[in-house]
file run_18.csv (CSV, C-alpha atoms and all ligand atoms)
chain,number,residue,atom,x,y,z
A,27,MET,CA,-230.2,45.4,-75.2
A,28,LYS,CA,-230.6,43.7,-78.5
A,29,TYR,CA,-226.9,44.1,-79.2
A,30,LEU,CA,-225.9,42.3,-76.0
A,31,PRO,CA,-225.3,38.9,-77.6
A,32,LEU,CA,-223.2,40.5,-80.3
A,33,PHE,CA,-221.2,42.4,-77.7
A,34,ALA,CA,-220.7,39.2,-75.7
A,35,PHE,CA,-219.5,37.4,-78.8
A,36,PHE,CA,-216.8,40.0,-79.6
A,37,PHE,CA,-215.8,40.1,-75.9
A,38,LEU,CA,-215.3,36.4,-76.0
A,39,ILE,CA,-213.2,36.5,-79.2
A,40,ALA,CA,-211.0,39.3,-77.7
A,41,CYS,CA,-210.4,37.2,-74.6
A,42,THR,CA,-209.6,34.1,-76.5
A,43,GLN,CA,-207.1,35.9,-78.7
A,44,GLU,CA,-205.5,37.5,-75.8
A,45,GLU,CA,-204.9,34.1,-74.2
A,46,SER,CA,-203.5,32.5,-77.3
A,47,ILE,CA,-200.8,35.2,-77.6
A,48,ARG,CA,-199.7,34.3,-74.1
A,49,PRO,CA,-197.8,37.4,-73.1
A,50,THR,CA,-197.8,37.6,-69.4
A,51,THR,CA,-196.4,41.1,-68.9
A,52,ALA,CA,-195.9,42.2,-72.5
A,53,ASN,CA,-193.3,45.0,-73.0
A,54,ALA,CA,-192.0,44.6,-69.4
A,55,ILE,CA,-189.8,41.8,-70.6
A,56,LYS,CA,-186.5,42.8,-72.0
A,57,PRO,CA,-185.3,41.0,-75.1
A,58,VAL,CA,-182.1,38.8,-75.0
A,59,ILE,CA,-180.3,37.2,-77.9
A,60,VAL,CA,-177.2,34.9,-77.9
A,61,ILE,CA,-175.6,33.4,-81.0
A,62,HIS,CA,-172.8,31.0,-81.6
A,63,GLY,CA,-170.8,30.4,-84.8
A,64,GLY,CA,-169.3,27.1,-83.7
A,65,ALA,CA,-166.7,25.9,-81.2
A,66,GLY,CA,-163.4,24.0,-81.7
A,67,LEU,CA,-159.8,24.6,-82.7
A,68,ILE,CA,-160.3,28.3,-82.6
A,69,ASN,CA,-157.1,30.0,-81.6
A,70,PRO,CA,-155.0,32.9,-83.0
A,71,ASN,CA,-152.9,30.4,-85.0
A,72,ILE,CA,-155.9,29.1,-86.8
A,73,VAL,CA,-158.1,32.2,-86.9
A,74,ASN,CA,-155.6,34.9,-88.1
A,75,GLU,CA,-156.3,38.6,-87.7
A,76,GLU,CA,-157.9,38.9,-91.1
A,77,LEU,CA,-160.3,36.0,-90.4
A,78,GLU,CA,-161.0,37.3,-86.9
A,79,PHE,CA,-161.9,40.7,-88.4
A,80,TYR,CA,-164.5,39.1,-90.8
A,81,TYR,CA,-166.0,36.9,-88.0
A,82,ARG,CA,-166.3,39.8,-85.7
A,83,LYS,CA,-168.0,41.9,-88.3
A,84,SER,CA,-170.3,39.1,-89.3
A,85,LEU,CA,-171.3,38.2,-85.7
A,86,GLU,CA,-171.9,41.9,-84.9
A,87,THR,CA,-174.1,42.4,-87.9
A,88,ILE,CA,-176.1,39.3,-87.3
A,89,LEU,CA,-176.5,39.9,-83.6
A,90,ASP,CA,-177.6,43.5,-84.2
A,91,SER,CA,-180.3,42.5,-86.7
A,92,GLY,CA,-181.7,39.8,-84.4
A,93,TYR,CA,-181.8,42.2,-81.4
A,94,THR,CA,-183.5,44.9,-83.4
A,95,LEU,CA,-186.2,42.5,-84.5
A,96,LEU,CA,-186.7,41.4,-80.9
A,97,GLU,CA,-187.0,45.0,-79.8
A,98,GLU,CA,-189.6,45.6,-82.5
A,99,GLY,CA,-191.7,42.8,-81.0
A,100,MET,CA,-190.9,39.9,-83.4
A,101,SER,CA,-191.3,36.4,-81.8
A,102,ALA,CA,-188.2,34.7,-80.5
A,103,GLU,CA,-188.8,31.8,-82.9
A,104,LYS,CA,-189.0,34.0,-86.0
A,105,VAL,CA,-185.9,35.9,-84.9
A,106,VAL,CA,-184.0,32.6,-84.4
A,107,GLU,CA,-185.0,31.6,-87.9
A,108,MET,CA,-183.9,35.0,-89.4
A,109,VAL,CA,-180.6,35.0,-87.6
A,110,LEU,CA,-179.8,31.4,-88.6
A,111,LYS,CA,-180.7,32.3,-92.2
A,112,MET,CA,-178.1,35.0,-92.1
A,113,MET,CA,-175.6,32.6,-90.8
A,114,GLU,CA,-176.5,30.0,-93.5
A,115,ASP,CA,-176.1,32.7,-96.2
A,116,ASP,CA,-172.7,33.7,-94.9
A,117,SER,CA,-170.0,31.3,-96.0
A,118,LEU,CA,-167.9,31.9,-92.9
A,119,TYR,CA,-170.1,29.4,-91.1
A,120,ASN,CA,-170.5,25.7,-91.4
A,121,ALA,CA,-174.2,25.9,-92.2
A,122,GLY,CA,-175.9,26.5,-95.5
A,123,ARG,CA,-173.4,28.0,-97.9
A,124,GLY,CA,-169.9,27.1,-96.6
A,125,SER,CA,-171.0,23.8,-95.1
A,126,VAL,CA,-168.3,21.1,-94.6
A,127,LEU,CA,-168.1,18.2,-97.0
A,128,ASN,CA,-168.8,14.5,-96.2
A,129,SER,CA,-166.6,11.6,-97.1
A,130,LYS,CA,-168.1,11.6,-100.6
A,131,GLY,CA,-167.2,15.3,-101.0
A,132,ARG,CA,-170.9,16.3,-100.8
A,133,VAL,CA,-172.8,18.6,-98.5
A,134,GLU,CA,-175.5,17.2,-96.2
A,135,MET,CA,-177.0,19.8,-93.9
A,136,ASP,CA,-179.0,19.5,-90.7
A,137,ALA,CA,-181.1,22.1,-88.8
A,138,SER,CA,-183.6,22.3,-86.0
A,139,ILE,CA,-185.8,24.9,-84.3
A,140,MET,CA,-187.9,24.8,-81.2
A,141,SER,CA,-190.3,27.2,-79.7
A,142,GLY,CA,-190.6,27.3,-75.9
A,143,ASP,CA,-194.2,28.2,-75.5
A,144,ILE,CA,-195.8,24.9,-76.4
A,145,ARG,CA,-192.6,22.9,-77.0
A,146,LYS,CA,-193.2,22.6,-80.7
A,147,ALA,CA,-190.2,21.7,-82.8
A,148,GLY,CA,-189.1,20.9,-86.3
A,149,ALA,CA,-185.9,19.4,-87.7
A,150,VAL,CA,-184.3,18.2,-91.0
A,151,THR,CA,-181.3,16.1,-91.8
A,152,GLY,CA,-179.5,15.2,-95.0
A,153,ILE,CA,-180.5,18.4,-96.8
A,154,VAL,CA,-178.6,18.7,-100.1
A,155,ASN,CA,-179.9,21.8,-101.9
A,156,THR,CA,-182.2,23.9,-99.8
A,157,LYS,CA,-180.7,27.3,-99.4
A,158,ASN,CA,-181.9,27.7,-95.8
A,159,PRO,CA,-182.3,24.4,-93.9
A,160,ILE,CA,-183.5,26.3,-90.8
A,161,SER,CA,-186.6,27.5,-92.7
A,162,LEU,CA,-187.3,24.0,-93.8
A,163,ALA,CA,-187.1,22.9,-90.2
A,164,ARG,CA,-189.6,25.5,-89.3
A,165,LEU,CA,-191.9,24.4,-92.0
A,166,VAL,CA,-191.7,20.8,-90.6
A,167,LYS,CA,-192.8,22.2,-87.3
A,168,ASP,CA,-195.6,24.4,-88.7
A,169,SER,CA,-196.8,22.5,-91.7
A,170,THR,CA,-196.6,18.8,-90.7
A,171,GLN,CA,-197.5,16.7,-87.7
A,172,HIS,CA,-193.9,15.6,-87.5
A,173,VAL,CA,-190.7,16.7,-85.8
A,174,LEU,CA,-187.9,15.3,-87.9
A,175,LEU,CA,-187.7,14.6,-91.6
A,176,CYS,CA,-184.6,13.0,-93.1
A,177,GLY,CA,-182.8,12.5,-96.5
A,178,ASP,CA,-185.0,12.0,-99.6
A,179,GLY,CA,-188.1,12.6,-97.6
A,180,ALA,CA,-186.8,15.9,-96.3
A,181,ASN,CA,-185.5,17.0,-99.7
A,182,SER,CA,-188.8,16.2,-101.4
A,183,PHE,CA,-190.7,18.0,-98.7
A,184,ALA,CA,-188.5,21.0,-99.6
A,185,ARG,CA,-189.7,20.7,-103.2
A,186,THR,CA,-193.3,20.4,-102.1
A,187,MET,CA,-193.0,23.5,-100.0
A,188,GLN,CA,-191.2,25.3,-102.8
A,189,VAL,CA,-188.5,26.7,-100.7
A,190,ASP,CA,-185.5,28.3,-102.3
A,191,THR,CA,-183.0,25.8,-103.6
A,192,MET,CA,-179.5,26.3,-104.9
A,193,PRO,CA,-177.2,24.2,-107.2
A,194,ILE,CA,-174.9,21.9,-105.2
A,195,ASP,CA,-171.9,24.1,-106.1
A,196,TYR,CA,-173.3,27.1,-104.3
A,197,PHE,CA,-172.8,25.4,-100.9
A,198,ILE,CA,-169.2,24.3,-101.6
A,199,THR,CA,-166.7,27.1,-101.0
A,200,GLY,CA,-163.1,26.9,-101.9
A,201,ARG,CA,-162.1,27.1,-98.3
A,202,ARG,CA,-164.2,24.1,-97.3
A,203,HIS,CA,-163.0,22.2,-100.3
A,204,ARG,CA,-159.3,22.8,-99.4
A,205,GLN,CA,-160.2,21.8,-95.9
A,206,TRP,CA,-161.8,18.6,-97.0
A,207,MET,CA,-158.8,17.8,-99.2
A,208,LYS,CA,-156.7,18.0,-96.1
A,209,LEU,CA,-159.1,15.5,-94.4
A,210,ARG,CA,-159.3,17.5,-91.3
A,211,GLN,CA,-160.9,15.5,-88.6
A,212,LYS,CA,-163.3,18.1,-87.3
A,213,LYS,CA,-164.7,21.5,-88.1
A,214,TYR,CA,-166.1,24.4,-86.4
A,215,GLY,CA,-168.6,27.0,-87.6
A,216,THR,CA,-172.1,25.6,-86.9
A,217,GLY,CA,-174.7,28.3,-86.3
A,218,GLY,CA,-176.8,28.6,-83.2
A,219,CYS,CA,-179.2,31.1,-81.7
A,220,VAL,CA,-181.3,31.4,-78.6
A,221,ALA,CA,-183.6,34.2,-77.8
A,222,LEU,CA,-186.1,35.6,-75.3
A,223,ASP,CA,-188.7,37.9,-76.8
A,224,ILE,CA,-190.7,40.8,-75.2
A,225,HIS,CA,-193.7,38.5,-74.9
A,226,GLY,CA,-191.8,36.2,-72.6
A,227,ASN,CA,-191.3,33.4,-75.1
A,228,LEU,CA,-188.1,31.5,-75.5
A,229,ALA,CA,-186.8,29.8,-78.7
A,230,ALA,CA,-183.7,28.0,-79.9
A,231,GLY,CA,-182.3,26.9,-83.2
A,232,THR,CA,-179.1,25.3,-84.6
A,233,SER,CA,-178.0,24.7,-88.2
A,234,THR,CA,-174.9,22.9,-89.4
A,235,GLY,CA,-173.1,21.1,-92.3
A,236,GLY,CA,-172.0,18.6,-89.6
A,237,MET,CA,-168.5,17.3,-89.3
A,238,SER,CA,-165.9,17.3,-92.1
A,239,ASP,CA,-165.4,13.9,-93.8
A,240,LYS,CA,-168.4,12.4,-92.0
A,241,LEU,CA,-170.0,9.3,-93.4
A,242,LYS,CA,-172.9,9.8,-95.8
A,243,GLY,CA,-176.1,9.7,-93.8
A,244,ARG,CA,-174.5,10.7,-90.5
A,245,VAL,CA,-176.9,12.8,-88.4
A,246,SER,CA,-175.7,15.6,-86.2
A,247,ASP,CA,-176.9,16.8,-82.8
A,248,ALA,CA,-178.1,19.9,-84.6
A,249,ALA,CA,-180.9,17.8,-86.1
A,250,ILE,CA,-181.9,16.2,-82.8
A,251,ILE,CA,-184.3,18.0,-80.5
A,252,GLY,CA,-182.9,17.7,-76.9
A,253,ALA,CA,-179.3,17.1,-78.1
A,254,GLY,CA,-178.4,20.2,-80.1
A,255,THR,CA,-181.5,22.3,-79.6
A,256,TYR,CA,-184.1,22.7,-76.8
A,257,ALA,CA,-186.5,25.4,-75.6
A,258,ASP,CA,-189.1,25.4,-72.9
A,259,ASN,CA,-190.6,28.6,-71.5
A,260,ARG,CA,-190.6,27.0,-68.0
A,261,GLN,CA,-186.8,27.4,-67.9
A,262,CYS,CA,-184.5,28.0,-70.8
A,263,ALA,CA,-183.6,27.8,-74.5
A,264,VAL,CA,-180.3,26.1,-75.5
A,265,SER,CA,-178.2,25.6,-78.6
A,266,ALA,CA,-175.1,23.4,-78.8
A,267,THR,CA,-172.0,23.2,-81.0
A,268,GLY,CA,-169.1,20.7,-81.0
A,269,TRP,CA,-168.6,17.0,-81.3
A,270,GLY,CA,-172.3,16.1,-82.0
A,271,GLU,CA,-172.1,12.4,-81.1
A,272,HIS,CA,-171.3,13.4,-77.5
A,273,PHE,CA,-174.1,16.0,-77.4
A,274,ILE,CA,-176.5,13.3,-78.5
A,275,ARG,CA,-175.2,10.7,-76.0
A,276,ASN,CA,-175.5,13.2,-73.2
A,277,VAL,CA,-178.9,14.7,-74.4
A,278,ALA,CA,-177.1,17.9,-73.8
A,279,ALA,CA,-179.6,20.7,-74.6
A,280,TYR,CA,-182.4,18.9,-72.7
A,281,GLN,CA,-180.0,18.1,-69.9
A,282,VAL,CA,-179.5,21.9,-69.3
A,283,PHE,CA,-183.3,22.3,-69.0
A,284,ALA,CA,-183.7,19.2,-66.8
A,285,ARG,CA,-181.0,20.2,-64.4
A,286,MET,CA,-182.9,23.5,-63.9
A,287,GLU,CA,-186.4,22.1,-63.9
A,288,TYR,CA,-185.9,19.0,-61.8
A,289,GLY,CA,-182.6,19.6,-60.1
A,290,GLY,CA,-183.1,23.2,-59.1
A,291,GLN,CA,-179.8,24.3,-60.6
A,292,GLY,CA,-179.2,27.8,-62.0
A,293,LEU,CA,-178.6,28.4,-65.7
A,294,SER,CA,-174.8,28.8,-65.5
A,295,GLU,CA,-174.4,25.8,-63.2
A,296,SER,CA,-176.6,23.6,-65.5
A,297,VAL,CA,-174.6,24.6,-68.6
A,298,ALA,CA,-171.2,24.0,-66.8
A,299,ASN,CA,-172.3,20.6,-65.5
A,300,THR,CA,-173.7,19.5,-68.8
A,301,LEU,CA,-170.4,20.4,-70.5
A,302,LEU,CA,-168.6,18.4,-67.9
A,303,GLU,CA,-170.7,15.3,-68.8
A,304,VAL,CA,-170.0,15.9,-72.5
A,305,GLN,CA,-166.3,16.0,-71.6
A,306,GLU,CA,-166.6,12.9,-69.5
A,307,THR,CA,-167.6,10.8,-72.5
A,308,GLY,CA,-164.7,12.3,-74.5
A,309,GLY,CA,-166.6,15.1,-76.3
A,310,ASP,CA,-165.9,18.8,-76.6
A,311,GLY,CA,-167.8,21.9,-77.7
A,312,GLY,CA,-169.9,24.7,-76.3
A,313,LEU,CA,-173.4,25.7,-75.3
A,314,ILE,CA,-175.3,29.0,-75.4
A,315,ALA,CA,-178.4,29.4,-73.3
A,316,VAL,CA,-180.9,32.0,-72.1
A,317,ASP,CA,-183.4,31.5,-69.2
A,318,ARG,CA,-186.8,33.0,-68.8
A,319,GLN,CA,-185.5,35.7,-66.5
A,320,GLY,CA,-183.1,36.9,-69.3
A,321,ASN,CA,-179.9,35.5,-67.8
A,322,TRP,CA,-177.6,34.1,-70.5
A,323,VAL,CA,-174.6,31.9,-70.8
A,324,ALA,CA,-172.0,31.1,-73.5
A,325,LYS,CA,-169.6,28.3,-72.3
A,326,PHE,CA,-167.2,26.0,-74.1
A,327,ASN,CA,-164.4,23.5,-73.3
A,328,THR,CA,-162.5,24.0,-76.6
A,329,ASP,CA,-159.9,26.5,-77.6
A,330,GLY,CA,-162.6,29.0,-78.6
A,331,MET,CA,-166.1,29.5,-79.7
A,332,PHE,CA,-167.5,32.3,-81.9
A,333,ARG,CA,-170.1,33.9,-79.7
A,334,ALA,CA,-172.0,37.1,-79.1
A,335,ALA,CA,-174.9,38.2,-76.9
A,336,ARG,CA,-177.0,41.3,-76.5
A,337,THR,CA,-179.5,42.5,-73.9
A,338,PRO,CA,-180.7,46.0,-73.1
A,339,ASP,CA,-177.6,46.5,-70.9
A,340,THR,CA,-175.0,44.2,-72.4
A,341,LEU,CA,-173.2,43.8,-75.7
A,342,TYR,CA,-170.7,40.9,-75.7
A,343,LEU,CA,-168.6,39.3,-78.4
A,344,GLY,CA,-165.9,36.7,-78.0
A,345,ILE,CA,-163.9,34.3,-80.1
A,346,PHE,CA,-161.0,32.8,-78.1
A,347,ALA,CA,-160.9,31.6,-74.6
A,348,GLU,CA,-160.7,34.4,-72.0
B,401,LIG,N1,-172.3,19.7,-83.7
B,401,LIG,C1,-172.0,19.7,-85.1
B,401,LIG,C2,-172.0,18.2,-85.5
B,401,LIG,O1,-171.7,17.3,-84.8
B,401,LIG,C3,-170.7,20.3,-85.5
B,401,LIG,C4,-170.3,21.5,-84.9
B,401,LIG,O2,-171.1,22.1,-84.1
B,401,LIG,O3,-169.3,22.1,-85.2
B,401,LIG,O4,-172.3,18.0,-86.7
call {"tool": "encode", "arguments": {"input": "run_18.csv", "output": "structure tokens"}}
result
Amino acid sequence: MKYLPLFAFFFLIACTQEESIRPTTANAIKPVIVIHGGAGLINPNIVNEELEFYYRKSLETILDSGYTLLEEGMSAEKVVEMVLKMMEDDSLYNAGRGSVLNSKGRVEMDASIMSGDIRKAGAVTGIVNTKNPISLARLVKDSTQHVLLCGDGANSFARTMQVDTMPIDYFITGRRHRQWMKLRQKKYGTGGCVALDIHGNLAAGTSTGGMSDKLKGRVSDAAIIGAGTYADNRQCAVSATGWGEHFIRNVAAYQVFARMEYGGQGLSESVANTLLEVQETGGDGGLIAVDRQGNWVAKFNTDGMFRAARTPDTLYLGIFAE
């Protein structure tokens, strides 16, 4: 009898922990992951066979790593971060190493991440030498009371948190430099990831170097929660790519959620209608999304979008329009 209070104490602790993990029907939920590597002028004339081979190989490897981690029980949010780190380290993508250059010939990177369980989010913009901007965005989420840090403040936060940095030259690849020299108006290659984990939590993240030849200080949709990234366990997780100004103006990622939550639309319908609105204001691009039931969508209104998805029953990879 004298141990009863002790027993009650541990019982209470056990219950509290159980609740804070918030798995409803753990292990009954099947993991889903969808990634994009940017949308835009992606057709066989631009992406030749050799480049296509490298993109396919990269998308497959990254998707596979993310899916394996989800199967092992890692949280959707952590997986989104790991996947986007891989994209940032791969110079094929316009994120981290391989980012496009602004009008001054410099790299300024943006990233954001959001976890659907308590709608907590972190984002950074104007990042110049952090190796993995997505991890810095996650640190904003977990180690500050803020959502978005910009420019000097974000870069000094990176120093305070002692994240890995790289010399400026690391980010600028020959391909991006040649591209910048040609002053191409717009670039594809942004990285995005949405995931549903086996605990029933959704997460989304997006990382980009932005648009080629952009003005110094320009902020992309990938840094704006609700525009380029959104996740809410009540409905879905969304990541965008394309002409960021239009995804901001149409609050695109949140719009997908809102159409479902308040308009009763399904995932696919919401994504399609949101893209129509983006198109209406003159924008183009693509969206990837997964809902809490594990349905997923990858849609775009450009020539192509690097995209891949994996569930227990599906393995999908696409580059050009079908
Ligand atoms: N959305 C990004 C931006 O506007 C670019 C992209 O996704 O390609 O910066």
call {"tool": "closest_atom_pairs", "arguments": {"input": "run_18.csv", "of": "chain A", "to": "ligand LIG 401 (chain B)", "cutoff": "7 Å", "atoms": "only C-alpha atoms and all ligand atoms", "output": "Markdown table"}}
result
| residue | atom | partner | partner_atom | distance |
| --- | --- | --- | --- | --- |
| A:Gly64 | CA | B:LIG401 | O3 | 5.2 |
| A:Ala65 | CA | B:LIG401 | O3 | 6.1 |
| A:Lys213 | CA | B:LIG401 | O3 | 5.5 |
| A:Tyr214 | CA | B:LIG401 | O3 | 4.1 |
| A:Gly215 | CA | B:LIG401 | O3 | 5.5 |
| A:Thr216 | CA | B:LIG401 | O2 | 4.6 |
| A:Thr234 | CA | B:LIG401 | C1 | 6.1 |
| A:Gly235 | CA | B:LIG401 | O4 | 6.5 |
| A:Gly236 | CA | B:LIG401 | O4 | 3.0 |
| A:Met237 | CA | B:LIG401 | O4 | 4.7 |
| A:Ser246 | CA | B:LIG401 | O4 | 4.2 |
| A:Asp247 | CA | B:LIG401 | N1 | 5.5 |
| A:Ala248 | CA | B:LIG401 | N1 | 5.9 |
| A:Ala266 | CA | B:LIG401 | N1 | 6.7 |
| A:Thr267 | CA | B:LIG401 | O2 | 3.4 |
| A:Gly268 | CA | B:LIG401 | O2 | 3.9 |
| A:Trp269 | CA | B:LIG401 | O1 | 4.7 |
| A:Gly270 | CA | B:LIG401 | O1 | 3.1 |
| A:Glu271 | CA | B:LIG401 | O1 | 6.2 |
call {"tool": "closest_atom_pairs", "arguments": {"input": "run_18.csv", "of": "range 225-274 of chain A", "to": "range 152-168 of chain A", "cutoff": "8 Å", "atoms": "all atoms listed in the file", "output": "CSV"}}
result
residue,atom,partner,partner_atom,distance
A:Gly231,CA,A:Ile160,CA,7.7
A:Thr232,CA,A:Ile160,CA,7.7
A:Ser233,CA,A:Ile160,CA,6.3
A:Gly243,CA,A:Gly152,CA,6.6
A:Val245,CA,A:Gly152,CA,7.5
call {"tool": "closest_residue", "arguments": {"input": "run_18.csv", "among": "A:Glu134, A:Glu348, A:Asp195, A:Asp223", "to": "Ser101 in chain A", "atoms": "only C-alpha atoms"}}
result
A:Asp223
call {"tool": "closest_residue", "arguments": {"input": "run_18.csv", "among": "A:Gly309, A:Gly142, A:Gly254, A:Gly292", "to": "Asn321 in chain A", "atoms": "all atoms listed in the file"}}
result
A:Gly292
call {"tool": "closest_residue", "arguments": {"input": "run_18.csv", "among": "A:Gly344, A:Gly252, A:Gly226, A:Gly124", "to": "Asp317 in chain A", "atoms": "all atoms listed in the file"}}
result
A:Gly226
call {"tool": "atom_distance", "arguments": {"input": "run_18.csv", "atom1": "CA of Gly131 in chain A", "atom2": "CA of Asp115 in chain A"}}
result
20.1 Å
call {"tool": "atom_distance", "arguments": {"input": "run_18.csv", "atom1": "CA of Glu97 in chain A", "atom2": "CA of Pro57 in chain A"}}
result
6.4 Å
call {"tool": "atom_distance", "arguments": {"input": "run_18.csv", "atom1": "CA of Lys56 in chain A", "atom2": "CA of Gln281 in chain A"}}
result
25.6 Å
call {"tool": "residues_around", "arguments": {"input": "run_18.csv", "residues": "Ala263 in chain A", "least_positions_apart": "6", "cutoff": "10 Å", "atoms": "only C-alpha atoms", "output": "tab-separated table (two decimals) with C-alpha atoms, keeping the file's coordinate frame"}}
result
chain	number	residue	atom	x	y	z
A	140	MET	CA	-187.90	24.80	-81.20
A	141	SER	CA	-190.30	27.20	-79.70
A	142	GLY	CA	-190.60	27.30	-75.90
A	219	CYS	CA	-179.20	31.10	-81.70
A	220	VAL	CA	-181.30	31.40	-78.60
A	221	ALA	CA	-183.60	34.20	-77.80
A	222	LEU	CA	-186.10	35.60	-75.30
A	227	ASN	CA	-191.30	33.40	-75.10
A	228	LEU	CA	-188.10	31.50	-75.50
A	229	ALA	CA	-186.80	29.80	-78.70
A	230	ALA	CA	-183.70	28.00	-79.90
A	231	GLY	CA	-182.30	26.90	-83.20
A	255	THR	CA	-181.50	22.30	-79.60
A	256	TYR	CA	-184.10	22.70	-76.80
A	257	ALA	CA	-186.50	25.40	-75.60
A	279	ALA	CA	-179.60	20.70	-74.60
A	280	TYR	CA	-182.40	18.90	-72.70
A	282	VAL	CA	-179.50	21.90	-69.30
A	283	PHE	CA	-183.30	22.30	-69.00
A	314	ILE	CA	-175.30	29.00	-75.40
A	315	ALA	CA	-178.40	29.40	-73.30
A	316	VAL	CA	-180.90	32.00	-72.10
A	317	ASP	CA	-183.40	31.50	-69.20
A	318	ARG	CA	-186.80	33.00	-68.80
A	322	TRP	CA	-177.60	34.10	-70.50
call {"tool": "closest_residue", "arguments": {"input": "run_18.csv", "among": "A:Arg244, A:Ala249, A:Gly217, A:Leu127", "to": "Gly148 in chain A", "atoms": "only C-alpha atoms"}}
result
A:Ala249
call {"tool": "closest_residue", "arguments": {"input": "run_18.csv", "among": "A:Met192, A:Val106, A:Ile144, A:Leu301", "to": "Lys325 in chain A", "atoms": "all atoms listed in the file"}}
result
A:Leu301
call {"tool": "closest_residue", "arguments": {"input": "run_18.csv", "among": "A:Met100, A:Ala54, A:Val60, A:Met135", "to": "Arg336 in chain A", "atoms": "all atoms listed in the file"}}
result
A:Val60
